[in-house]
Amino acid sequence: MSMIISYVQWKGGVGKSTLAVLTAALMDAVLVDLEPWAGATTWWAGRDAARIWQAPGGSPILGALAKARPPKPRRGKAGRPDLIPSHEELLGLSSGDLPNTTTWAWSSSGKPTLLVSTPMGPQPLAESLGTSIKVWAKDWGRDVVIDTPGGFGPLQDAALAACDVAVLPVMLDQWSMPALRKMMETYRHISRGLVVPNRVRQRREDNNWSEIIMDPSVILKPFSLAPPVAESELIHVATRPLNSARVPGAIRAQALGQLQELVACIRGDQL
Amino acid sequence: MSSAPYRPVTSGRVMKTIYIAPQLWDEFENLWLDQLKEDKKASKIELFERLLQRGLDQQRKVVSKSVEKVGEYNQEGISNVGPSQESTRANDISIQSSSEPTTKNPTSASRRQEPKTDVMNEVKTSLAAISTSSKKSQRLSPLERLKAASDPGKPAQLDTASRRLAKESE
């Protein structure tokens with residue numbers, strides 16, 4: 001059975017895209033890039049990224065919602081996962097001014113809601129996308145990894161509504177930890193969540209925060225602590241996928257080991 | 001300690017606040033009463049000043065020793081001096097061991113004979129107790145600080161799609 005994994009975090013710059021692309025590659029999953037500025041798509045496509053981001057057909061995600069048909073993933077090469085790319089149209093979502101696609105309207109509960117066009121008429125984007133991704137995953141018959149932008153909005157909301165596992169990367173510092181706690185408090189109703197300490201470094205601040213994050217009262221249910229990902233040039237700086245044949249085997253073993261542990265935890269092998 | 005007779009410092013005096021634990025205060029009371037019995041005229045304030053002066057002298061001695069060692073180091077190089085036991089011990093001496101004699105000082109033997117020389121230990125204990133209690137009352141642990149900064153007390157009132165869909169599926 002396919003699994004949907006969403007990388008979400010209100011705080012930006014914690015490594016959502018980095019971990020999303022690499023774990024999607026390891027899991028042979030379909031990577032869905034919901035980031036309007038196309039971080040994962042750029043990593044995936046390199047110099048062709050701008051062409052994909054501004055493809056004349058518009059956003060494959062919004063197009064799929066409009067037609068109620070699953071988008072067709074682009075085939076990944078050289079260790080990259082298959083991809084549903086981002087598109088510049090997603091930038092217009094927040095203002096709701098995409099012609100014939102989205103608009104803000106008052107919902108039945110009296111709140112302004114971003115609506116998207118579907119064959120069944122205008123629907124709230126978050127619910128519509130969340131439900132659709134589940135359908136797409138079934139259709140593809142594969143695991144799906146969703147990369148989201150930082151902050152709170154309908155795209156992150158949709159990813160959380162769709163997912164079987166929400167993965168919350170966090171840096172061990174004073175900026176990320178309070179944001180993580182507030183986010184966990186808000187999303188205690190989801191089915192399962194993992195907190196991944198990312199870019200952990202050999203320094204006193206990280207050691208101190210490691211002790212704090214391991215305190216049983218810090219991680220709130222249904223979230224649990226996943227194996228940390230230590231700072232690694234191959235994971236956090238490299239432009240190539242780890243399972244690419246062009247990465248020398250000797251130096252990638254340790255980095256791969258860290259990500260494989262994370263993937264095992266996501267799949268529930270270590271729980 | 002200066003061997004000169006005690007003189008109250010009156011010029012350029014600056015007001016300071018000193019916290020003293022009750023036990024130490026009692027100790028001062030007894031010391032003062034003892035002195036009164038012996039028909040000495042030092043007041044309690046003078047007693048305090050004498051005590052503080054003694055502590056400052058002791059500190060000055062330690063600092064001057066360190067300065068000497070630094071001078072030696074600069075002149076002779078690290079191989080000749082090294083971390084001597086004396087310099088290491090000098091840091092430990094401080095106020096606590098005011099009664100410990102230094103062999104070169106001719107007045108140290110008589111100082112050892114003075115009554116209540118453990119008063120300085122009491123001062124240190126008293127100050128340590130005060131600082132510990134103030135830390136307990138004011139400083140939070142990192143974990144407590146994180147919780148205080150990030151626990152809103154109730155979930156944020158966000159009307160999320162995931163919450164709505166979760167309710168529907170129930």
# chains A, B, ... in the order shown; residues from 1 in each chain; ligands from 1
call {"tool": "interface_residues", "arguments": {"of": "chain B", "to": "chain A", "cutoff": "12 Å", "atoms": "only C-alpha atoms", "output": "PyMOL selection string"}}
result
chain B and resi 141-170
call {"tool": "write_last_selection", "arguments": {"atoms": "C-alpha atoms", "output": "short mmCIF file (atom, residue, chain, number, x, y, z; two decimals), in the first residue's frame"}}
result
data_model
loop_
_atom_site.label_atom_id
_atom_site.label_comp_id
_atom_site.auth_asym_id
_atom_site.auth_seq_id
_atom_site.Cartn_x
_atom_site.Cartn_y
_atom_site.Cartn_z
CA SER B 141 16.38 25.64 33.11
CA PRO B 142 16.67 25.58 29.28
CA LEU B 143 13.81 23.07 29.15
CA GLU B 144 11.60 25.28 31.31
CA ARG B 145 12.49 28.30 29.19
CA LEU B 146 11.54 26.43 26.00
CA LYS B 147 8.20 25.39 27.47
CA ALA B 148 7.48 28.85 28.81
CA ALA B 149 8.24 30.36 25.41
CA SER B 150 6.36 27.87 23.28
CA ASP B 151 3.41 26.45 25.20
CA PRO B 152 0.41 28.56 24.27
CA GLY B 153 -1.75 26.83 26.87
CA LYS B 154 -4.33 25.80 24.30
CA PRO B 155 -4.06 24.74 20.66
CA ALA B 156 -3.95 27.59 18.15
CA GLN B 157 -7.41 28.17 16.72
CA LEU B 158 -6.51 27.32 13.15
CA ASP B 159 -9.33 26.00 11.05
CA THR B 160 -7.23 23.53 9.12
CA ALA B 161 -8.25 21.25 6.29
CA SER B 162 -6.58 18.33 8.02
CA ARG B 163 -8.74 18.91 11.11
CA ARG B 164 -11.92 19.20 9.05
CA LEU B 165 -11.14 16.08 7.04
CA ALA B 166 -10.23 14.20 10.20
CA LYS B 167 -13.61 15.16 11.71
CA GLU B 168 -15.43 14.07 8.57
CA SER B 169 -13.72 10.69 8.55
CA GLU B 170 -14.75 10.17 12.20
#
call {"tool": "residues_around", "arguments": {"residues": "A:Val200", "least_positions_apart": "2", "cutoff": "6 Å", "atoms": "only C-alpha atoms", "output": "ChimeraX atom specification"}}
result
/A:198,230-231
call {"tool": "write_last_selection", "arguments": {"atoms": "all heavy atoms", "output": "PDB file, in the first residue's frame"}}
result
ATOM      1  N   ASN A 198      17.737  18.013  12.294  1.00  0.00           N
ATOM      2  CA  ASN A 198      18.485  18.058  11.035  1.00  0.00           C
ATOM      3  C   ASN A 198      19.712  18.956  11.155  1.00  0.00           C
ATOM      4  O   ASN A 198      19.716  19.897  11.940  1.00  0.00           O
ATOM      5  CB  ASN A 198      17.555  18.593   9.929  1.00  0.00           C
ATOM      6  CG  ASN A 198      18.174  18.477   8.558  1.00  0.00           C
ATOM      7  OD1 ASN A 198      19.012  17.588   8.328  1.00  0.00           O
ATOM      8  ND2 ASN A 198      17.793  19.348   7.646  1.00  0.00           N
ATOM      9  N   ALA A 230      22.890  14.158  10.865  1.00  0.00           N
ATOM     10  CA  ALA A 230      24.035  15.012  11.174  1.00  0.00           C
ATOM     11  C   ALA A 230      24.431  15.834   9.954  1.00  0.00           C
ATOM     12  O   ALA A 230      24.163  15.447   8.810  1.00  0.00           O
ATOM     13  CB  ALA A 230      25.208  14.152  11.623  1.00  0.00           C
ATOM     14  N   GLU A 231      25.022  16.988  10.237  1.00  0.00           N
ATOM     15  CA  GLU A 231      25.505  17.853   9.153  1.00  0.00           C
ATOM     16  C   GLU A 231      26.430  17.054   8.239  1.00  0.00           C
ATOM     17  O   GLU A 231      27.361  16.392   8.697  1.00  0.00           O
ATOM     18  CB  GLU A 231      26.275  19.031   9.768  1.00  0.00           C
ATOM     19  CG  GLU A 231      27.012  19.893   8.779  1.00  0.00           C
ATOM     20  CD  GLU A 231      26.102  20.875   8.048  1.00  0.00           C
ATOM     21  OE1 GLU A 231      24.981  21.094   8.527  1.00  0.00           O
ATOM     22  OE2 GLU A 231      26.507  21.391   7.012  1.00  0.00           O
TER      23      GLU A 231
END
call {"tool": "atom_distance", "arguments": {"atom1": "atom CA of A:Pro169", "atom2": "atom CA of A:Val8"}}
result
7.6 Å
